[in-house]
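Trainee: Got coords.pdb for you, PDB, C-alpha atoms:
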ATOM      1  CA  ASP A   1      90.895 138.457 -33.651
ATOM      2  CA  MET A   2      93.799 140.550 -32.269
ATOM      3  CA  LYS A   3      96.527 140.333 -34.816
ATOM      4  CA  VAL A   4      99.431 142.249 -36.274
ATOM      5  CA  THR A   5     100.318 141.093 -39.773
ATOM      6  CA  GLN A   6     103.597 141.776 -41.514
ATOM      7  CA  MET A   7     104.451 141.371 -45.171
ATOM      8  CA  PRO A   8     106.682 140.083 -46.540
ATOM      9  CA  ARG A   9     108.015 137.629 -43.964
ATOM     10  CA  TYR A  10     111.274 137.098 -45.835
ATOM     11  CA  LEU A  11     113.002 139.419 -48.274
ATOM     12  CA  ILE A  12     116.353 139.432 -50.039
ATOM     13  CA  LYS A  13     117.526 142.647 -51.654
ATOM     14  CA  ARG A  14     120.717 143.970 -53.166
ATOM     15  CA  MET A  15     122.515 146.978 -51.735
ATOM     16  CA  GLY A  16     121.013 150.176 -53.102
ATOM     17  CA  GLU A  17     117.592 148.734 -53.797
ATOM     18  CA  ASN A  18     114.458 150.089 -52.150
ATOM     19  CA  VAL A  19     112.642 148.064 -49.508
ATOM     20  CA  LEU A  20     109.033 148.278 -48.399
ATOM     21  CA  LEU A  21     107.883 146.447 -45.286
ATOM     22  CA  GLU A  22     104.192 146.551 -44.564
ATOM     23  CA  CYS A  23     102.286 146.095 -41.339
ATOM     24  CA  GLY A  24      98.600 145.901 -40.551
ATOM     25  CA  GLN A  25      96.619 145.542 -37.342
ATOM     26  CA  ASP A  26      92.957 144.795 -36.740
ATOM     27  CA  MET A  27      92.634 146.198 -33.215
ATOM     28  CA  SER A  28      92.127 149.890 -34.072
ATOM     29  CA  HIS A  29      95.212 150.652 -32.006
ATOM     30  CA  GLU A  30      96.346 154.276 -32.176
ATOM     31  CA  THR A  31     100.035 153.613 -31.681
ATOM     32  CA  MET A  32     102.243 151.527 -33.952
ATOM     33  CA  TYR A  33     105.949 150.845 -33.924
ATOM     34  CA  TRP A  34     108.781 149.514 -36.022
ATOM     35  CA  TYR A  35     111.646 147.734 -34.255
ATOM     36  CA  ARG A  36     114.676 145.902 -35.506
ATOM     37  CA  GLN A  37     116.146 142.961 -33.655
ATOM     38  CA  ASP A  38     119.800 142.043 -33.836
ATOM     39  CA  PRO A  39     121.644 139.451 -31.738
ATOM     40  CA  GLY A  40     122.856 140.906 -28.460
ATOM     41  CA  LEU A  41     121.092 144.225 -29.031
ATOM     42  CA  GLY A  42     117.526 143.357 -28.203
ATOM     43  CA  LEU A  43     114.750 145.353 -29.795
ATOM     44  CA  GLN A  44     115.662 148.811 -31.024
ATOM     45  CA  LEU A  45     112.934 151.306 -31.850
ATOM     46  CA  ILE A  46     113.160 152.785 -35.339
ATOM     47  CA  TYR A  47     109.957 154.808 -35.513
ATOM     48  CA  ILE A  48     106.799 155.255 -33.500
ATOM     49  CA  SER A  49     103.491 156.418 -34.912
ATOM     50  CA  TYR A  50     100.856 157.920 -32.633
ATOM     51  CA  ASP A  51      98.167 158.009 -35.313
ATOM     52  CA  VAL A  52      97.703 158.786 -38.996
ATOM     53  CA  ASP A  53     100.491 161.108 -40.222
ATOM     54  CA  SER A  54     101.805 161.521 -36.653
ATOM     55  CA  ASN A  55     105.181 159.814 -36.617
ATOM     56  CA  SER A  56     108.263 160.279 -34.425
ATOM     57  CA  GLU A  57     111.788 159.023 -34.665
ATOM     58  CA  GLY A  58     112.912 156.313 -32.318
ATOM     59  CA  ASP A  59     116.465 155.475 -31.352
ATOM     60  CA  ILE A  60     117.787 154.446 -34.765
ATOM     61  CA  PRO A  61     115.798 156.257 -37.510
ATOM     62  CA  LYS A  62     118.723 156.915 -39.851
ATOM     63  CA  GLY A  63     118.264 155.163 -43.177
ATOM     64  CA  TYR A  64     114.563 154.557 -42.629
ATOM     65  CA  ARG A  65     111.307 156.365 -43.190
ATOM     66  CA  VAL A  66     107.737 155.470 -42.416
ATOM     67  CA  SER A  67     104.273 156.109 -43.707
ATOM     68  CA  ARG A  68     100.941 155.893 -41.911
ATOM     69  CA  LYS A  69      98.007 156.958 -44.034
ATOM     70  CA  LYS A  70      95.447 154.706 -42.353
ATOM     71  CA  ARG A  71      95.241 153.867 -38.649
ATOM     72  CA  GLU A  72      95.453 150.142 -39.317
ATOM     73  CA  HIS A  73      98.455 150.287 -41.624
ATOM     74  CA  PHE A  74     102.083 151.304 -40.999
ATOM     75  CA  SER A  75     104.882 150.968 -43.547
ATOM     76  CA  LEU A  76     108.648 150.992 -43.146
ATOM     77  CA  ILE A  77     110.658 152.147 -46.156
ATOM     78  CA  LEU A  78     114.354 151.785 -46.800
ATOM     79  CA  ASP A  79     115.526 153.995 -49.628
ATOM     80  CA  SER A  80     118.732 152.469 -50.960
ATOM     81  CA  ALA A  81     119.226 149.568 -48.579
ATOM     82  CA  LYS A  82     122.583 148.954 -46.967
ATOM     83  CA  THR A  83     124.133 145.665 -45.889
ATOM     84  CA  ASN A  84     124.046 146.763 -42.234
ATOM     85  CA  GLN A  85     120.259 146.931 -42.474
ATOM     86  CA  THR A  86     120.153 143.156 -42.667
ATOM     87  CA  SER A  87     118.017 142.304 -39.666
ATOM     88  CA  VAL A  88     114.683 141.056 -38.431
ATOM     89  CA  TYR A  89     112.108 143.819 -38.346
ATOM     90  CA  PHE A  90     109.123 143.708 -36.018
ATOM     91  CA  CYS A  91     106.047 145.840 -36.230
ATOM     92  CA  ALA A  92     103.965 146.295 -33.086
ATOM     93  CA  SER A  93     100.861 148.118 -31.970
ATOM     94  CA  SER A  94      99.393 149.241 -28.672
ATOM     95  CA  LEU A  95      96.250 150.884 -27.407
ATOM     96  CA  GLY A  96      96.776 154.520 -26.541
ATOM     97  CA  THR A  97      99.883 156.657 -26.576
ATOM     98  CA  ALA A  98     101.218 156.464 -23.042
ATOM     99  CA  ASN A  99     103.218 153.319 -23.597
ATOM    100  CA  THR A 100     101.795 151.745 -20.505
ATOM    101  CA  GLY A 101      99.914 149.066 -22.308
ATOM    102  CA  GLN A 102     100.730 145.794 -23.921
ATOM    103  CA  LEU A 103     102.552 145.749 -27.222
ATOM    104  CA  TYR A 104     101.299 143.270 -29.782
ATOM    105  CA  PHE A 105     104.045 142.204 -32.146
ATOM    106  CA  GLY A 106     103.807 140.953 -35.693
ATOM    107  CA  GLU A 107     105.571 137.784 -36.783
ATOM    108  CA  GLY A 108     108.607 139.652 -38.061
ATOM    109  CA  SER A 109     110.137 140.345 -41.461
ATOM    110  CA  LYS A 110     113.596 138.961 -42.075
ATOM    111  CA  LEU A 111     115.494 141.235 -44.440
ATOM    112  CA  THR A 112     118.784 140.277 -46.027
ATOM    113  CA  VAL A 113     120.677 142.946 -47.940
ATOM    114  CA  LEU A 114     123.423 141.544 -50.161
TER     115      LEU A 114
ATOM    116  CA  GLY B   1     119.093 157.708 -24.942
ATOM    117  CA  GLU B   2     118.100 155.874 -21.830
ATOM    118  CA  GLN B   3     119.032 152.243 -21.526
ATOM    119  CA  VAL B   4     117.788 149.167 -19.717
ATOM    120  CA  GLU B   5     120.498 146.757 -18.655
ATOM    121  CA  GLN B   6     119.554 143.085 -18.556
ATOM    122  CA  LEU B   7     121.598 140.296 -17.018
ATOM    123  CA  PRO B   8     122.561 137.596 -17.552
ATOM    124  CA  SER B   9     122.600 137.348 -21.324
ATOM    125  CA  ILE B  10     122.771 133.547 -21.162
ATOM    126  CA  LEU B  11     121.219 131.383 -18.443
ATOM    127  CA  ARG B  12     121.192 127.613 -18.207
ATOM    128  CA  VAL B  13     119.289 125.848 -15.438
ATOM    129  CA  GLN B  14     118.218 122.334 -14.602
ATOM    130  CA  GLU B  15     114.593 121.390 -15.074
ATOM    131  CA  GLY B  16     112.658 121.966 -11.874
ATOM    132  CA  SER B  17     114.968 124.664 -10.542
ATOM    133  CA  SER B  18     114.264 128.388 -10.605
ATOM    134  CA  ALA B  19     115.644 130.985 -12.996
ATOM    135  CA  SER B  20     116.150 134.672 -12.300
ATOM    136  CA  ILE B  21     116.723 137.564 -14.684
ATOM    137  CA  ASN B  22     117.574 141.044 -13.503
ATOM    138  CA  CYS B  23     117.109 144.424 -15.134
ATOM    139  CA  THR B  24     117.997 147.950 -14.141
ATOM    140  CA  TYR B  25     116.643 151.182 -15.583
ATOM    141  CA  GLU B  26     117.673 154.819 -15.509
ATOM    142  CA  ASN B  27     114.569 156.978 -15.345
ATOM    143  CA  SER B  28     113.009 157.307 -11.905
ATOM    144  CA  ALA B  29     109.751 158.349 -13.597
ATOM    145  CA  SER B  30     109.410 154.951 -15.308
ATOM    146  CA  ASN B  31     106.101 153.419 -14.297
ATOM    147  CA  TYR B  32     105.581 150.318 -16.426
ATOM    148  CA  PHE B  33     107.768 147.212 -16.648
ATOM    149  CA  PRO B  34     106.718 144.354 -18.948
ATOM    150  CA  TRP B  35     108.459 141.076 -19.671
ATOM    151  CA  TYR B  36     108.314 139.425 -23.072
ATOM    152  CA  LYS B  37     109.111 135.849 -24.062
ATOM    153  CA  GLN B  38     110.298 135.062 -27.567
ATOM    154  CA  GLU B  39     110.563 131.517 -28.857
ATOM    155  CA  PRO B  40     112.813 130.749 -31.843
ATOM    156  CA  GLY B  41     111.431 132.144 -35.078
ATOM    157  CA  GLU B  42     108.471 133.742 -33.358
ATOM    158  CA  ASN B  43     107.471 137.195 -32.169
ATOM    159  CA  PRO B  44     107.860 138.460 -28.601
ATOM    160  CA  LYS B  45     104.816 137.873 -26.429
ATOM    161  CA  LEU B  46     103.938 139.558 -23.138
ATOM    162  CA  ILE B  47     104.091 137.130 -20.222
ATOM    163  CA  ILE B  48     103.805 139.399 -17.214
ATOM    164  CA  ASP B  49     104.047 143.080 -16.369
ATOM    165  CA  ILE B  50     104.181 145.242 -13.277
ATOM    166  CA  ARG B  51     103.376 148.868 -12.674
ATOM    167  CA  SER B  52     105.142 151.213 -10.321
ATOM    168  CA  ASN B  53     102.381 151.087  -7.708
ATOM    169  CA  MET B  54     103.291 147.456  -6.995
ATOM    170  CA  GLU B  55     106.384 145.735  -5.597
ATOM    171  CA  ARG B  56     105.488 142.153  -6.473
ATOM    172  CA  LYS B  57     103.279 140.348  -8.931
ATOM    173  CA  GLN B  58     102.835 136.651  -9.482
ATOM    174  CA  THR B  59     101.089 134.605 -12.139
ATOM    175  CA  GLN B  60     101.396 130.973 -13.250
ATOM    176  CA  GLY B  61     104.912 130.233 -12.027
ATOM    177  CA  LEU B  62     106.218 133.719 -12.789
ATOM    178  CA  ILE B  63     107.142 136.296 -10.154
ATOM    179  CA  VAL B  64     108.126 139.871 -10.896
ATOM    180  CA  LEU B  65     109.732 142.077  -8.254
ATOM    181  CA  LEU B  66     110.176 145.831  -8.515
ATOM    182  CA  ASP B  67     112.555 147.897  -6.362
ATOM    183  CA  LYS B  68     111.951 151.518  -7.313
ATOM    184  CA  LYS B  69     114.627 152.898  -5.027
ATOM    185  CA  ALA B  70     117.280 150.765  -6.671
ATOM    186  CA  LYS B  71     115.637 151.157 -10.100
ATOM    187  CA  ARG B  72     115.758 147.424 -10.476
ATOM    188  CA  PHE B  73     113.222 144.783 -11.444
ATOM    189  CA  SER B  74     113.490 141.058 -11.865
ATOM    190  CA  LEU B  75     111.721 138.014 -13.265
ATOM    191  CA  HIS B  76     111.748 134.738 -11.413
ATOM    192  CA  ILE B  77     110.572 131.545 -13.053
ATOM    193  CA  THR B  78     109.839 128.847 -10.521
ATOM    194  CA  ASP B  79     109.914 125.097 -11.298
ATOM    195  CA  THR B  80     111.319 125.607 -14.785
ATOM    196  CA  GLN B  81     110.322 123.271 -17.605
ATOM    197  CA  PRO B  82     111.893 122.712 -21.054
ATOM    198  CA  GLY B  83     109.053 124.789 -22.504
ATOM    199  CA  ASP B  84     110.408 127.792 -20.620
ATOM    200  CA  SER B  85     113.489 127.740 -22.841
ATOM    201  CA  ALA B  86     113.344 130.953 -24.865
ATOM    202  CA  MET B  87     114.673 134.488 -25.141
ATOM    203  CA  TYR B  88     113.326 136.804 -22.473
ATOM    204  CA  PHE B  89     113.256 140.593 -22.719
ATOM    205  CA  CYS B  90     112.585 143.077 -19.983
ATOM    206  CA  ALA B  91     111.434 146.589 -20.785
ATOM    207  CA  ALA B  92     110.808 149.836 -18.977
ATOM    208  CA  ARG B  93     108.826 152.843 -19.978
ATOM    209  CA  GLY B  94     111.351 155.630 -20.339
ATOM    210  CA  PHE B  95     112.159 158.764 -22.271
ATOM    211  CA  SER B  96     114.431 158.533 -25.293
ATOM    212  CA  GLY B  97     113.336 161.343 -27.595
ATOM    213  CA  SER B  98     109.785 160.442 -26.671
ATOM    214  CA  TRP B  99     108.125 158.289 -24.021
ATOM    215  CA  GLN B 100     108.543 154.738 -25.172
ATOM    216  CA  LEU B 101     109.273 151.230 -24.004
ATOM    217  CA  ILE B 102     113.011 150.657 -23.779
ATOM    218  CA  PHE B 103     114.017 147.019 -24.049
ATOM    219  CA  GLY B 104     116.869 145.176 -22.434
ATOM    220  CA  SER B 105     119.220 143.186 -24.648
ATOM    221  CA  GLY B 106     117.638 139.849 -23.766
ATOM    222  CA  THR B 107     118.403 136.673 -21.822
ATOM    223  CA  GLN B 108     118.638 133.340 -23.596
ATOM    224  CA  LEU B 109     117.274 130.805 -21.101
ATOM    225  CA  THR B 110     117.885 127.100 -21.606
ATOM    226  CA  VAL B 111     116.215 124.606 -19.295
ATOM    227  CA  MET B 112     118.093 121.323 -19.349
ATOM    228  CA  PRO B 113     116.182 118.083 -18.754
TER     229      PRO B 113
END
Just give me the structure as structure tokens.
Mentor:
Amino acid sequence: DMKVTQMPRYLIKRMGENVLLECGQDMSHETMYWYRQDPGLGLQLIYISYDVDSNSEGDIPKGYRVSRKKREHFSLILDSAKTNQTSVYFCASSLGTANTGQLYFGEGSKLTVL
Amino acid sequence: GEQVEQLPSILRVQEGSSASINCTYENSASNYFPWYKQEPGENPKLIIDIRSNMERKQTQGLIVLLDKKAKRFSLHITDTQPGDSAMYFCAARGFSGSWQLIFGSGTQLTVMP
């Protein structure tokens, strides 16, 4: 079953608290991504991971860090969350590293920072 | 970084008519152009894609056109139905720090009965 699973789906945090968003995929895909989606801005890439411990910044990495210790698992960490990080976060995976293949998206994690 | 411009941002059409969404990209080396559909509260799902060795692709009421000279590609939905109402995103493979898919800002399509 080709699936990308995100946890938690909904999260409310206070400003300054730490946030951990987790993502798993069962397709043995090498490449995984974290995007955030805001109205009118589409999907903005935060980080891309080409394999275990091989991560690169995307367009908006500031305020975020990632961890990939297993191929099937990719975490997004917010140290000291800010109100402007309120958003819907999508994890995705794809086969290979050339970005010419289909992205499979998770169901999204809606984060509210108060 | 590179950007993909997507227009219109809002599109309303009558059921049974066609809908067209246009995107332009910056990098002439871009070679992959997918389209994603996102229904409310759900994740984006690939509906059709085209590679740079093609000018036209069609599947199940969807047509994608690619004009490499103009760096423009478009999605055409024929005989629209209420179930086509959704957010649509175009994307192009481009370079922004690394090779990645760059998404347009989305088109909210509403098909009116």
Trainee: Just want the 6 Å neighbourhood of Ser93 (chain A), counted on all atoms listed in the file, with same-chain residues fewer than 2 positions away dropped. Output as a count of residues only.
Mentor: 4
Trainee: Select all residues from chain A having any atom no more than 9 Å from an atom of chain B (counting all atoms listed in the file, ignoring ligands), output as a PDB file with C-alpha atoms, in the frame of the given file.
Mentor:
ATOM      1  CA  PRO A  39     121.644 139.451 -31.738  1.00  0.00           C
ATOM      2  CA  GLY A  40     122.856 140.906 -28.460  1.00  0.00           C
ATOM      3  CA  LEU A  41     121.092 144.225 -29.031  1.00  0.00           C
ATOM      4  CA  GLY A  42     117.526 143.357 -28.203  1.00  0.00           C
ATOM      5  CA  LEU A  43     114.750 145.353 -29.795  1.00  0.00           C
ATOM      6  CA  GLN A  44     115.662 148.811 -31.024  1.00  0.00           C
ATOM      7  CA  LEU A  45     112.934 151.306 -31.850  1.00  0.00           C
ATOM      8  CA  ILE A  48     106.799 155.255 -33.500  1.00  0.00           C
ATOM      9  CA  SER A  56     108.263 160.279 -34.425  1.00  0.00           C
ATOM     10  CA  GLU A  57     111.788 159.023 -34.665  1.00  0.00           C
ATOM     11  CA  GLY A  58     112.912 156.313 -32.318  1.00  0.00           C
ATOM     12  CA  ASP A  59     116.465 155.475 -31.352  1.00  0.00           C
ATOM     13  CA  PHE A  90     109.123 143.708 -36.018  1.00  0.00           C
ATOM     14  CA  THR A  97      99.883 156.657 -26.576  1.00  0.00           C
ATOM     15  CA  ALA A  98     101.218 156.464 -23.042  1.00  0.00           C
ATOM     16  CA  ASN A  99     103.218 153.319 -23.597  1.00  0.00           C
ATOM     17  CA  THR A 100     101.795 151.745 -20.505  1.00  0.00           C
ATOM     18  CA  GLY A 101      99.914 149.066 -22.308  1.00  0.00           C
ATOM     19  CA  GLN A 102     100.730 145.794 -23.921  1.00  0.00           C
ATOM     20  CA  LEU A 103     102.552 145.749 -27.222  1.00  0.00           C
ATOM     21  CA  TYR A 104     101.299 143.270 -29.782  1.00  0.00           C
ATOM     22  CA  PHE A 105     104.045 142.204 -32.146  1.00  0.00           C
ATOM     23  CA  GLY A 106     103.807 140.953 -35.693  1.00  0.00           C
ATOM     24  CA  GLU A 107     105.571 137.784 -36.783  1.00  0.00           C
ATOM     25  CA  GLY A 108     108.607 139.652 -38.061  1.00  0.00           C
TER      26      GLY A 108
END
Trainee: Show me, as a ChimeraX atom specification, the residues that have an atom within 10 Å of Thr110 (chain B) when counting only C-alpha atoms, minus same-chain residues fewer than 6 positions from it.
Mentor: /B:10-15,19,80-87
Trainee: Running the PyMOL selection byres ((chain A and resi 79) around 10) on this model by hand, what would come out? Give it as a ChimeraX atom specification.
Mentor: /A:16-20,63-65,76-78,80-82
Trainee: Step by step, work through what the PyMOL selection byres ((chain A and resi 83) around 9) selects in the shown file, and finish by giving those residues as number ranges by chain.
Mentor: A: 14-15, 81-82, 84-86, 112-114
Trainee: For the atom pair CA of Asp26 (chain A) and CA of Thr5 (chain A), what is the interatomic distance in Å to one decimal place?
Mentor: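 That distance, rounded to one decimal, is 8.8 Å.
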Trainee: Using the chain letters and residue numbers of this document, give as a PDB file with C-alpha atoms, in the frame of the given file the residues selected by the PyMOL selection byres ((chain A and resi 70) around 10).
Mentor:
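So the final result, stored in part.pdb, reads:
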ATOM      1  CA  GLY A  24      98.600 145.901 -40.551  1.00  0.00           C
ATOM      2  CA  ASP A  51      98.167 158.009 -35.313  1.00  0.00           C
ATOM      3  CA  VAL A  52      97.703 158.786 -38.996  1.00  0.00           C
ATOM      4  CA  ASP A  53     100.491 161.108 -40.222  1.00  0.00           C
ATOM      5  CA  SER A  67     104.273 156.109 -43.707  1.00  0.00           C
ATOM      6  CA  ARG A  68     100.941 155.893 -41.911  1.00  0.00           C
ATOM      7  CA  LYS A  69      98.007 156.958 -44.034  1.00  0.00           C
ATOM      8  CA  ARG A  71      95.241 153.867 -38.649  1.00  0.00           C
ATOM      9  CA  GLU A  72      95.453 150.142 -39.317  1.00  0.00           C
ATOM     10  CA  HIS A  73      98.455 150.287 -41.624  1.00  0.00           C
ATOM     11  CA  PHE A  74     102.083 151.304 -40.999  1.00  0.00           C
TER      12      PHE A  74
END
Trainee: Do you have the CA of Lys13 (chain A)-CA of Trp34 (chain A) distance handy?
Mentor: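 So the answer is 19.2 Å.
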Trainee: Quick one: axis-aligned box around all listed atoms of region 3-17 of chain B, 3 Å on every side, centre and edge lengths in Å to one decimal, written as AutoDock Vina command-line options.
Mentor:
--center_x 117.7 --center_y 136.8 --center_z -16.0 --size_x 16.1 --size_y 36.9 --size_z 17.0
Trainee: Measure the distance from CA of Val66 (chain A) to CA of Glu5 (chain B) in Å and round it to one decimal.
Mentor: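 About the pair CA of Val66 (chain A) and CA of Glu5 (chain B): they are 28.3 Å apart.
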